[in-house]
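*Asks:* Structure file query.csv (CSV, N, CA and C atoms) right here:
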```csv
chain,number,residue,atom,x,y,z
A,24,MET,N,-12.0,-9.2,-29.2
A,24,MET,CA,-12.8,-9.2,-28.0
A,24,MET,C,-11.9,-8.8,-26.9
A,25,PRO,N,-12.3,-7.8,-26.0
A,25,PRO,CA,-11.5,-7.3,-24.9
A,25,PRO,C,-11.3,-8.4,-23.9
A,26,GLU,N,-10.2,-8.3,-23.2
A,26,GLU,CA,-9.8,-9.2,-22.2
A,26,GLU,C,-10.8,-9.1,-21.0
A,27,GLN,N,-11.2,-10.2,-20.4
A,27,GLN,CA,-12.1,-10.2,-19.3
A,27,GLN,C,-11.3,-9.9,-18.0
A,28,LEU,N,-11.7,-8.9,-17.3
A,28,LEU,CA,-11.0,-8.5,-16.0
A,28,LEU,C,-11.5,-9.3,-14.9
A,29,SER,N,-10.5,-9.7,-14.0
A,29,SER,CA,-10.8,-10.3,-12.8
A,29,SER,C,-11.5,-9.3,-11.9
A,30,PRO,N,-12.2,-9.7,-10.8
A,30,PRO,CA,-12.8,-8.7,-9.9
A,30,PRO,C,-11.7,-7.7,-9.3
A,31,LEU,N,-10.6,-8.3,-8.9
A,31,LEU,CA,-9.5,-7.4,-8.4
A,31,LEU,C,-9.0,-6.5,-9.4
A,32,ASP,N,-8.7,-7.0,-10.6
A,32,ASP,CA,-8.2,-6.1,-11.7
A,32,ASP,C,-9.3,-5.0,-12.0
A,33,GLY,N,-10.5,-5.4,-12.1
A,33,GLY,CA,-11.6,-4.4,-12.3
A,33,GLY,C,-11.6,-3.3,-11.3
A,34,GLU,N,-11.6,-3.7,-10.0
A,34,GLU,CA,-11.6,-2.7,-8.9
A,34,GLU,C,-10.4,-1.8,-8.9
A,35,MET,N,-9.2,-2.5,-9.1
A,35,MET,CA,-8.0,-1.7,-9.2
A,35,MET,C,-8.0,-0.7,-10.4
A,36,ASN,N,-8.5,-1.2,-11.5
A,36,ASN,CA,-8.6,-0.3,-12.7
A,36,ASN,C,-9.5,0.9,-12.4
A,37,ALA,N,-10.7,0.6,-11.9
A,37,ALA,CA,-11.7,1.7,-11.6
A,37,ALA,C,-11.1,2.7,-10.6
A,38,ARG,N,-10.3,2.2,-9.6
A,38,ARG,CA,-9.8,3.1,-8.6
A,38,ARG,C,-8.7,4.0,-9.2
A,39,ARG,N,-7.8,3.4,-10.0
A,39,ARG,CA,-6.7,4.1,-10.6
A,39,ARG,C,-7.2,5.2,-11.5
A,40,LEU,N,-8.3,4.9,-12.3
A,40,LEU,CA,-8.9,5.9,-13.1
A,40,LEU,C,-9.6,7.0,-12.3
A,41,GLN,N,-10.2,6.6,-11.2
A,41,GLN,CA,-10.8,7.6,-10.3
A,41,GLN,C,-9.7,8.6,-9.8
A,42,LEU,N,-8.5,8.0,-9.5
A,42,LEU,CA,-7.4,8.8,-9.0
A,42,LEU,C,-6.6,9.5,-10.1
A,43,GLY,N,-7.0,9.2,-11.3
A,43,GLY,CA,-6.3,9.8,-12.4
A,43,GLY,C,-4.8,9.3,-12.6
A,44,MET,N,-4.6,8.1,-12.3
A,44,MET,CA,-3.3,7.5,-12.4
A,44,MET,C,-3.1,6.5,-13.5
A,45,ALA,N,-1.9,6.4,-14.1
A,45,ALA,CA,-1.6,5.4,-15.0
A,45,ALA,C,-1.1,4.2,-14.2
A,46,TRP,N,-1.1,3.0,-14.8
A,46,TRP,CA,-0.6,1.8,-14.1
A,46,TRP,C,0.8,2.0,-13.7
A,47,LYS,N,1.7,2.5,-14.5
A,47,LYS,CA,3.1,2.7,-14.1
A,47,LYS,C,3.2,3.6,-12.9
A,48,GLU,N,2.3,4.6,-12.8
A,48,GLU,CA,2.3,5.6,-11.7
A,48,GLU,C,1.9,4.8,-10.4
A,49,VAL,N,0.9,3.9,-10.5
A,49,VAL,CA,0.5,3.1,-9.4
A,49,VAL,C,1.7,2.3,-8.9
A,50,ALA,N,2.4,1.6,-9.8
A,50,ALA,CA,3.5,0.8,-9.4
A,50,ALA,C,4.6,1.7,-8.8
A,51,THR,N,4.9,2.8,-9.3
A,51,THR,CA,5.9,3.7,-8.8
A,51,THR,C,5.5,4.2,-7.4
A,52,THR,N,4.3,4.6,-7.3
A,52,THR,CA,3.8,5.1,-6.0
A,52,THR,C,3.9,4.0,-4.9
A,53,ALA,N,3.6,2.8,-5.3
A,53,ALA,CA,3.6,1.7,-4.4
A,53,ALA,C,5.1,1.2,-4.1
A,54,GLY,N,6.0,1.6,-5.0
A,54,GLY,CA,7.4,1.2,-4.8
A,54,GLY,C,7.6,-0.2,-5.2
A,55,ILE,N,6.8,-0.7,-6.2
A,55,ILE,CA,7.0,-2.0,-6.8
A,55,ILE,C,7.2,-1.9,-8.3
A,56,SER,N,7.6,-3.0,-8.9
A,56,SER,CA,7.8,-3.0,-10.3
A,56,SER,C,6.4,-3.1,-11.0
A,57,TYR,N,6.4,-2.7,-12.2
A,57,TYR,CA,5.2,-2.8,-13.0
A,57,TYR,C,4.8,-4.3,-13.2
A,58,GLU,N,5.8,-5.1,-13.4
A,58,GLU,CA,5.6,-6.5,-13.6
A,58,GLU,C,4.9,-7.2,-12.4
A,59,THR,N,5.3,-6.8,-11.2
A,59,THR,CA,4.7,-7.3,-10.0
A,59,THR,C,3.3,-6.8,-9.9
A,60,LEU,N,3.0,-5.5,-10.2
A,60,LEU,CA,1.7,-5.0,-10.2
A,60,LEU,C,0.8,-5.8,-11.1
A,61,ARG,N,1.3,-6.0,-12.3
A,61,ARG,CA,0.5,-6.8,-13.3
A,61,ARG,C,0.2,-8.2,-12.8
A,62,ALA,N,1.2,-8.8,-12.2
A,62,ALA,CA,1.0,-10.2,-11.7
A,62,ALA,C,-0.1,-10.3,-10.7
A,63,VAL,N,-0.1,-9.3,-9.7
A,63,VAL,CA,-1.1,-9.2,-8.7
A,63,VAL,C,-2.5,-9.0,-9.3
A,64,ARG,N,-2.5,-8.0,-10.2
A,64,ARG,CA,-3.8,-7.7,-10.9
A,64,ARG,C,-4.4,-8.9,-11.6
A,65,LYS,N,-3.6,-9.6,-12.3
A,65,LYS,CA,-4.0,-10.8,-13.1
A,65,LYS,C,-4.2,-12.1,-12.3
A,66,GLY,N,-3.8,-12.0,-11.0
A,66,GLY,CA,-4.0,-13.2,-10.2
A,66,GLY,C,-2.9,-14.2,-10.4
A,67,GLU,N,-1.8,-13.8,-11.0
A,67,GLU,CA,-0.6,-14.7,-11.3
A,67,GLU,C,0.2,-14.9,-10.0
A,68,THR,N,0.0,-14.0,-9.0
A,68,THR,CA,0.6,-14.2,-7.7
A,68,THR,C,-0.3,-13.6,-6.7
A,69,SER,N,-0.3,-14.1,-5.5
A,69,SER,CA,-1.1,-13.5,-4.5
A,69,SER,C,-0.5,-12.2,-3.9
A,70,GLY,N,0.8,-12.1,-4.0
A,70,GLY,CA,1.6,-11.0,-3.5
A,70,GLY,C,1.9,-11.1,-2.1
A,71,ALA,N,3.1,-10.6,-1.7
A,71,ALA,CA,3.5,-10.6,-0.3
A,71,ALA,C,2.7,-9.6,0.5
A,72,PRO,N,2.5,-9.8,1.8
A,72,PRO,CA,1.7,-8.9,2.6
A,72,PRO,C,2.1,-7.4,2.4
A,73,LEU,N,3.5,-7.2,2.4
A,73,LEU,CA,4.0,-5.8,2.3
A,73,LEU,C,3.6,-5.2,0.9
A,74,THR,N,3.7,-6.1,-0.1
A,74,THR,CA,3.4,-5.6,-1.5
A,74,THR,C,1.9,-5.2,-1.5
A,75,LEU,N,1.1,-6.0,-1.0
A,75,LEU,CA,-0.4,-5.7,-1.0
A,75,LEU,C,-0.7,-4.5,-0.2
A,76,ARG,N,0.0,-4.3,0.9
A,76,ARG,CA,-0.3,-3.1,1.7
A,76,ARG,C,0.2,-1.8,0.9
A,77,LYS,N,1.3,-1.9,0.3
A,77,LYS,CA,1.8,-0.8,-0.5
A,77,LYS,C,0.9,-0.5,-1.7
A,78,LEU,N,0.3,-1.5,-2.3
A,78,LEU,CA,-0.6,-1.3,-3.4
A,78,LEU,C,-1.9,-0.6,-2.8
A,79,GLU,N,-2.4,-1.1,-1.7
A,79,GLU,CA,-3.5,-0.5,-1.0
A,79,GLU,C,-3.3,1.0,-0.7
A,80,GLN,N,-2.1,1.3,-0.2
A,80,GLN,CA,-1.8,2.7,0.1
A,80,GLN,C,-1.7,3.5,-1.2
A,81,ALA,N,-1.1,3.0,-2.3
A,81,ALA,CA,-1.0,3.7,-3.5
A,81,ALA,C,-2.4,4.0,-4.1
A,82,LEU,N,-3.3,3.1,-3.9
A,82,LEU,CA,-4.7,3.2,-4.4
A,82,LEU,C,-5.6,3.9,-3.4
A,83,ARG,N,-5.0,4.3,-2.3
A,83,ARG,CA,-5.7,4.9,-1.2
A,83,ARG,C,-6.9,4.1,-0.7
A,84,TRP,N,-6.7,2.8,-0.5
A,84,TRP,CA,-7.6,1.9,0.0
A,84,TRP,C,-7.3,1.6,1.5
A,85,ALA,N,-8.2,1.2,2.3
A,85,ALA,CA,-8.0,0.8,3.6
A,85,ALA,C,-7.3,-0.6,3.6
A,86,GLN,N,-6.5,-0.8,4.7
A,86,GLN,CA,-5.8,-2.1,4.8
A,86,GLN,C,-6.8,-3.2,4.8
A,87,GLY,N,-6.4,-4.2,4.0
A,87,GLY,CA,-7.3,-5.4,3.9
A,87,GLY,C,-8.2,-5.4,2.7
A,88,SER,N,-8.2,-4.3,1.9
A,88,SER,CA,-9.2,-4.1,0.8
A,88,SER,C,-8.9,-5.1,-0.3
A,89,ILE,N,-7.7,-5.4,-0.6
A,89,ILE,CA,-7.4,-6.4,-1.6
A,89,ILE,C,-7.9,-7.8,-1.3
A,90,GLN,N,-7.7,-8.2,0.0
A,90,GLN,CA,-8.2,-9.5,0.4
A,90,GLN,C,-9.8,-9.4,0.4
A,91,ARG,N,-10.4,-8.3,0.7
A,91,ARG,CA,-11.8,-8.2,0.7
A,91,ARG,C,-12.3,-8.4,-0.7
A,92,VAL,N,-11.7,-7.8,-1.7
A,92,VAL,CA,-12.1,-8.0,-3.1
A,92,VAL,C,-11.9,-9.4,-3.5
A,93,GLU,N,-10.8,-10.0,-3.1
A,93,GLU,CA,-10.6,-11.4,-3.5
A,93,GLU,C,-11.6,-12.4,-2.9
A,94,ARG,N,-12.2,-12.0,-1.8
A,94,ARG,CA,-13.3,-12.8,-1.2
A,94,ARG,C,-14.7,-12.4,-1.7
A,95,GLY,N,-14.7,-11.5,-2.7
A,95,GLY,CA,-16.0,-11.2,-3.3
A,95,GLY,C,-16.6,-9.9,-2.8
A,96,GLY,N,-15.9,-9.2,-1.9
A,96,GLY,CA,-16.4,-7.9,-1.4
A,96,GLY,C,-15.9,-6.7,-2.2
A,97,LYS,N,-16.1,-5.6,-1.6
A,97,LYS,CA,-15.6,-4.3,-2.3
A,97,LYS,C,-14.5,-3.7,-1.4
A,98,PRO,N,-13.6,-3.0,-2.1
A,98,PRO,CA,-12.5,-2.3,-1.4
A,98,PRO,C,-13.1,-1.1,-0.6
A,99,VAL,N,-12.4,-0.7,0.5
A,99,VAL,CA,-12.9,0.4,1.3
A,99,VAL,C,-11.9,1.6,1.1
A,100,PRO,N,-12.3,2.7,0.7
A,100,PRO,CA,-11.4,3.9,0.5
A,100,PRO,C,-10.8,4.2,1.9
A,101,ALA,N,-9.5,4.5,1.9
A,101,ALA,CA,-8.8,4.8,3.1
A,101,ALA,C,-9.5,6.0,3.9
A,102,ASP,N,-10.0,7.0,3.2
A,102,ASP,CA,-10.7,8.1,3.8
A,102,ASP,C,-12.0,7.7,4.5
A,103,ALA,N,-12.5,6.5,4.2
A,103,ALA,CA,-13.8,6.1,4.8
A,103,ALA,C,-13.5,5.5,6.2
A,104,GLY,N,-12.2,5.3,6.5
A,104,GLY,CA,-11.8,4.8,7.8
A,104,GLY,C,-11.6,3.3,7.8
A,105,GLU,N,-10.7,2.8,8.6
A,105,GLU,CA,-10.4,1.4,8.7
A,105,GLU,C,-10.9,0.9,10.0
A,106,ALA,N,-11.4,-0.3,10.0
A,106,ALA,CA,-11.7,-1.0,11.3
A,106,ALA,C,-10.5,-1.5,11.9
A,107,SER,N,-9.7,-0.6,12.4
A,107,SER,CA,-8.4,-0.9,12.9
A,107,SER,C,-8.1,-0.2,14.2
A,108,ALA,N,-7.4,-0.8,15.1
A,108,ALA,CA,-7.1,-0.1,16.4
A,108,ALA,C,-5.9,0.8,16.2
A,109,SER,N,-5.2,0.7,15.2
A,109,SER,CA,-4.0,1.5,15.0
A,109,SER,C,-4.4,2.9,14.5
A,110,ALA,N,-3.7,3.9,14.9
A,110,ALA,CA,-3.9,5.3,14.4
A,110,ALA,C,-3.7,5.4,12.9
A,111,PRO,N,-4.5,6.2,12.2
A,111,PRO,CA,-4.2,6.3,10.8
A,111,PRO,C,-2.9,6.9,10.5
A,112,ALA,N,-2.2,6.4,9.5
A,112,ALA,CA,-0.9,6.9,9.2
A,112,ALA,C,-1.0,8.3,8.5
A,113,PRO,N,-0.1,9.2,8.7
A,113,PRO,CA,-0.1,10.4,8.1
A,113,PRO,C,0.1,10.2,6.6
A,114,GLU,N,-0.5,11.1,5.8
A,114,GLU,CA,-0.3,11.0,4.3
A,114,GLU,C,1.2,11.0,4.0
A,115,GLN,N,1.6,10.1,3.1
A,115,GLN,CA,3.0,10.0,2.8
A,115,GLN,C,3.1,10.4,1.3
A,116,SER,N,4.2,11.2,1.0
A,116,SER,CA,4.5,11.5,-0.3
A,116,SER,C,5.6,10.6,-0.9
A,117,ASP,N,6.3,9.9,0.0
A,117,ASP,CA,7.4,9.0,-0.4
A,117,ASP,C,7.0,7.6,-0.1
A,118,PRO,N,6.9,6.7,-1.0
A,118,PRO,CA,6.5,5.3,-0.7
A,118,PRO,C,7.4,4.6,0.2
A,119,ARG,N,8.7,5.1,0.3
A,119,ARG,CA,9.6,4.4,1.2
A,119,ARG,C,9.2,4.7,2.6
A,120,ALA,N,8.7,5.9,2.9
A,120,ALA,CA,8.2,6.2,4.3
A,120,ALA,C,7.0,5.3,4.6
A,121,ALA,N,6.1,5.1,3.7
A,121,ALA,CA,5.0,4.3,3.9
A,121,ALA,C,5.4,2.8,4.2
A,122,ALA,N,6.4,2.3,3.4
A,122,ALA,CA,6.9,1.0,3.6
A,122,ALA,C,7.5,0.8,5.0
A,123,VAL,N,8.3,1.9,5.5
A,123,VAL,CA,8.9,1.8,6.8
A,123,VAL,C,7.8,1.8,7.9
A,124,LEU,N,6.7,2.5,7.7
A,124,LEU,CA,5.6,2.5,8.7
A,124,LEU,C,4.9,1.2,8.7
A,125,THR,N,4.8,0.6,7.5
A,125,THR,CA,4.1,-0.7,7.5
A,125,THR,C,5.0,-1.8,8.2
A,126,ILE,N,6.3,-1.7,8.0
A,126,ILE,CA,7.2,-2.7,8.7
A,126,ILE,C,7.1,-2.4,10.2
A,127,LEU,N,7.1,-1.1,10.6
A,127,LEU,CA,7.1,-0.8,12.0
A,127,LEU,C,5.9,-1.3,12.7
A,128,GLU,N,4.7,-1.2,12.0
A,128,GLU,CA,3.5,-1.7,12.6
A,128,GLU,C,3.5,-3.2,12.9
A,129,GLY,N,4.3,-3.9,12.2
A,129,GLY,CA,4.4,-5.4,12.4
A,129,GLY,C,5.4,-5.8,13.5
A,130,LEU,N,6.1,-4.8,14.1
A,130,LEU,CA,7.1,-5.2,15.1
A,130,LEU,C,6.4,-5.2,16.5
A,131,PRO,N,7.0,-5.9,17.4
A,131,PRO,CA,6.5,-5.9,18.8
A,131,PRO,C,6.7,-4.5,19.4
A,132,PRO,N,5.8,-4.1,20.3
A,132,PRO,CA,5.9,-2.7,20.9
A,132,PRO,C,7.3,-2.3,21.4
A,133,ARG,N,8.0,-3.2,22.1
A,133,ARG,CA,9.3,-2.9,22.6
A,133,ARG,C,10.2,-2.5,21.5
A,134,VAL,N,10.2,-3.2,20.4
A,134,VAL,CA,11.1,-2.9,19.2
A,134,VAL,C,10.6,-1.6,18.5
A,135,GLN,N,9.3,-1.4,18.5
A,135,GLN,CA,8.8,-0.2,17.9
A,135,GLN,C,9.4,1.0,18.7
A,136,ARG,N,9.3,0.9,20.0
A,136,ARG,CA,9.8,2.0,20.9
A,136,ARG,C,11.3,2.3,20.6
A,137,GLU,N,12.1,1.2,20.5
A,137,GLU,CA,13.5,1.3,20.3
A,137,GLU,C,13.8,2.0,18.9
A,138,VAL,N,13.1,1.5,17.9
A,138,VAL,CA,13.2,2.1,16.5
A,138,VAL,C,12.9,3.6,16.6
A,139,LEU,N,11.7,3.9,17.2
A,139,LEU,CA,11.3,5.3,17.2
A,139,LEU,C,12.3,6.2,18.0
A,140,ALA,N,12.8,5.7,19.1
A,140,ALA,CA,13.8,6.4,19.8
A,140,ALA,C,15.1,6.7,19.0
A,141,ARG,N,15.5,5.7,18.2
A,141,ARG,CA,16.7,5.9,17.3
A,141,ARG,C,16.3,6.9,16.2
A,142,LEU,N,15.1,6.8,15.7
A,142,LEU,CA,14.7,7.8,14.6
A,142,LEU,C,14.7,9.2,15.2
A,143,ASN,N,14.2,9.3,16.4
A,143,ASN,CA,14.2,10.7,17.0
A,143,ASN,C,15.6,11.2,17.2
A,144,GLU,N,16.5,10.3,17.6
A,144,GLU,CA,17.9,10.7,17.8
A,144,GLU,C,18.5,11.2,16.5
A,145,MET,N,18.2,10.4,15.4
A,145,MET,CA,18.7,10.8,14.1
A,145,MET,C,18.1,12.1,13.6
A,146,ALA,N,16.8,12.3,13.8
A,146,ALA,CA,16.2,13.6,13.4
A,146,ALA,C,16.7,14.8,14.2
A,147,SER,N,17.0,14.5,15.5
A,147,SER,CA,17.6,15.6,16.4
A,147,SER,C,19.0,15.9,15.9
A,148,ASP,N,19.8,14.9,15.6
A,148,ASP,CA,21.1,15.1,15.1
A,148,ASP,C,21.1,15.9,13.7
A,149,ALA,N,20.2,15.5,12.9
A,149,ALA,CA,20.1,16.1,11.6
A,149,ALA,C,19.6,17.6,11.7
A,150,GLY,N,18.7,17.8,12.7
A,150,GLY,CA,18.3,19.2,12.9
A,150,GLY,C,19.3,20.1,13.5
A,151,SER,N,20.2,19.6,14.3
A,151,SER,CA,21.3,20.4,14.9
A,151,SER,C,22.4,20.7,13.9
A,152,SER,N,22.5,19.8,12.9
A,152,SER,CA,23.6,20.1,11.9
A,152,SER,C,23.1,20.9,10.8
A,153,ALA,N,21.8,21.2,10.7
A,153,ALA,CA,21.3,21.9,9.6
A,153,ALA,C,21.5,23.4,9.8
```
What is this structure when it is put down as structure tokens?

*Replies:*
Amino acid sequence: MPEQLSPLDGEMNARRLQLGMAWKEVATTAGISYETLRAVRKGETSGAPLTLRKLEQALRWAQGSIQRVERGGKPVPADAGEASASAPAPEQSDPRAAAVLTILEGLPPRVQREVLARLNEMASDAGSSA
């Protein structure tokens, strides 16, 4: 008899199939281990906020979709738009960049400005040495 999927596992499975991804590809895209992905899917852990956000980004879901599913709702595709005041993040090909943006969003505005100024300096220095 096949294993019964939890609502979250079922939604995640349907989405990864829709995106044509294998579970290991979802984990790699999210920048997490396959074991962590499996534990979140199976409800063995609730997952840290950053881990959940990275999974949502890998599955191209709007922020908060995993919590929505856990409360009995449906996930929202990222392209359907988020009910968020923040500007949508540009599409990321590197999960590390997505993680940095997620961390940046959680910082106070003053710290965000300082970090962005330093990043601009780094990009400027890299551009002049290229």

*Asks:* Nearest residue to Ile55 (chain A) out of A:Thr74, A:Gln80, A:Ser147, A:Ser29, using only N, CA and C atoms?

*Replies:*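 Closest candidate: A:Thr74.
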
*Asks:* Have a look at CA of Val99 (chain A) and CA of Trp84 (chain A) and let me know their distance in Å, one decimal.

*Replies:*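 Spanning CA of Val99 (chain A) to CA of Trp84 (chain A) is a straight-line distance of 5.7 Å.
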
*Asks:* Please provide as an mmCIF file with N, CA and C atoms, keeping the file's coordinate frame all residues within 7 Å of Gly87 (chain A), with the sequence filter that same-chain residues fewer than 4 positions apart are discarded (counting only N, CA and C atoms).

*Replies:*
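Now in around-v2.cif:
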```
data_model
loop_
_atom_site.group_PDB
_atom_site.id
_atom_site.type_symbol
_atom_site.label_atom_id
_atom_site.label_comp_id
_atom_site.auth_asym_id
_atom_site.auth_seq_id
_atom_site.Cartn_x
_atom_site.Cartn_y
_atom_site.Cartn_z
ATOM 1 N N ARG A 76 0.000 -4.300 0.900
ATOM 2 C CA ARG A 76 -0.300 -3.100 1.700
ATOM 3 C C ARG A 76 0.200 -1.800 0.900
ATOM 4 N N GLU A 79 -2.400 -1.100 -1.700
ATOM 5 C CA GLU A 79 -3.500 -0.500 -1.000
ATOM 6 C C GLU A 79 -3.300 1.000 -0.700
ATOM 7 N N ARG A 91 -10.400 -8.300 0.700
ATOM 8 C CA ARG A 91 -11.800 -8.200 0.700
ATOM 9 C C ARG A 91 -12.300 -8.400 -0.700
ATOM 10 N N VAL A 92 -11.700 -7.800 -1.700
ATOM 11 C CA VAL A 92 -12.100 -8.000 -3.100
ATOM 12 C C VAL A 92 -11.900 -9.400 -3.500
ATOM 13 N N PRO A 98 -13.600 -3.000 -2.100
ATOM 14 C CA PRO A 98 -12.500 -2.300 -1.400
ATOM 15 C C PRO A 98 -13.100 -1.100 -0.600
ATOM 16 N N VAL A 99 -12.400 -0.700 0.500
ATOM 17 C CA VAL A 99 -12.900 0.400 1.300
ATOM 18 C C VAL A 99 -11.900 1.600 1.100
#
```

*Asks:* Just give me the gap between CA of Pro118 (chain A) and CA of Arg141 (chain A) in Å, one decimal is fine.

*Replies:*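 Answer for the CA of Pro118 (chain A) to CA of Arg141 (chain A) separation: 20.7 Å.
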
*Asks:* Show me the residues close to (-7.9, -12.0, -14.8) - anything with an atom within 6.5 Å, counting only N, CA and C atoms - and format the list as a list in words.

*Replies:* Gln27, Leu28, Ser29, Pro30, Arg64, Lys65 and Gly66 of chain A

*Asks:* Would you list the contacts of Val49 (chain A) as a list in words, taking every protein, DNA or RNA residue within 8 Å and counting all atoms listed in the file, but skipping same-chain residues closer than 5 positions in sequence?

*Replies:*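 Those residues are Arg39, Met44, Gly54, Ile55, Ser56, Tyr57, Leu60, Lys77, Leu78, Ala81 and Leu82 of chain A.
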
*Asks:* Pick out each residue of chain A that DSSP on the backbone tags as alpha helix (DSSP H); I need them as a ChimeraX atom specification.

*Replies:* /A:30-42,46-53,57-64,72-81,88-93,118-128,132-152

*Asks:* For CA of Leu40 (chain A) and CA of Glu58 (chain A), determine how far apart the two atoms are, in Å to one decimal place.

*Replies:*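 Going from CA of Leu40 (chain A) over to CA of Glu58 (chain A), I get 19.1 Å.
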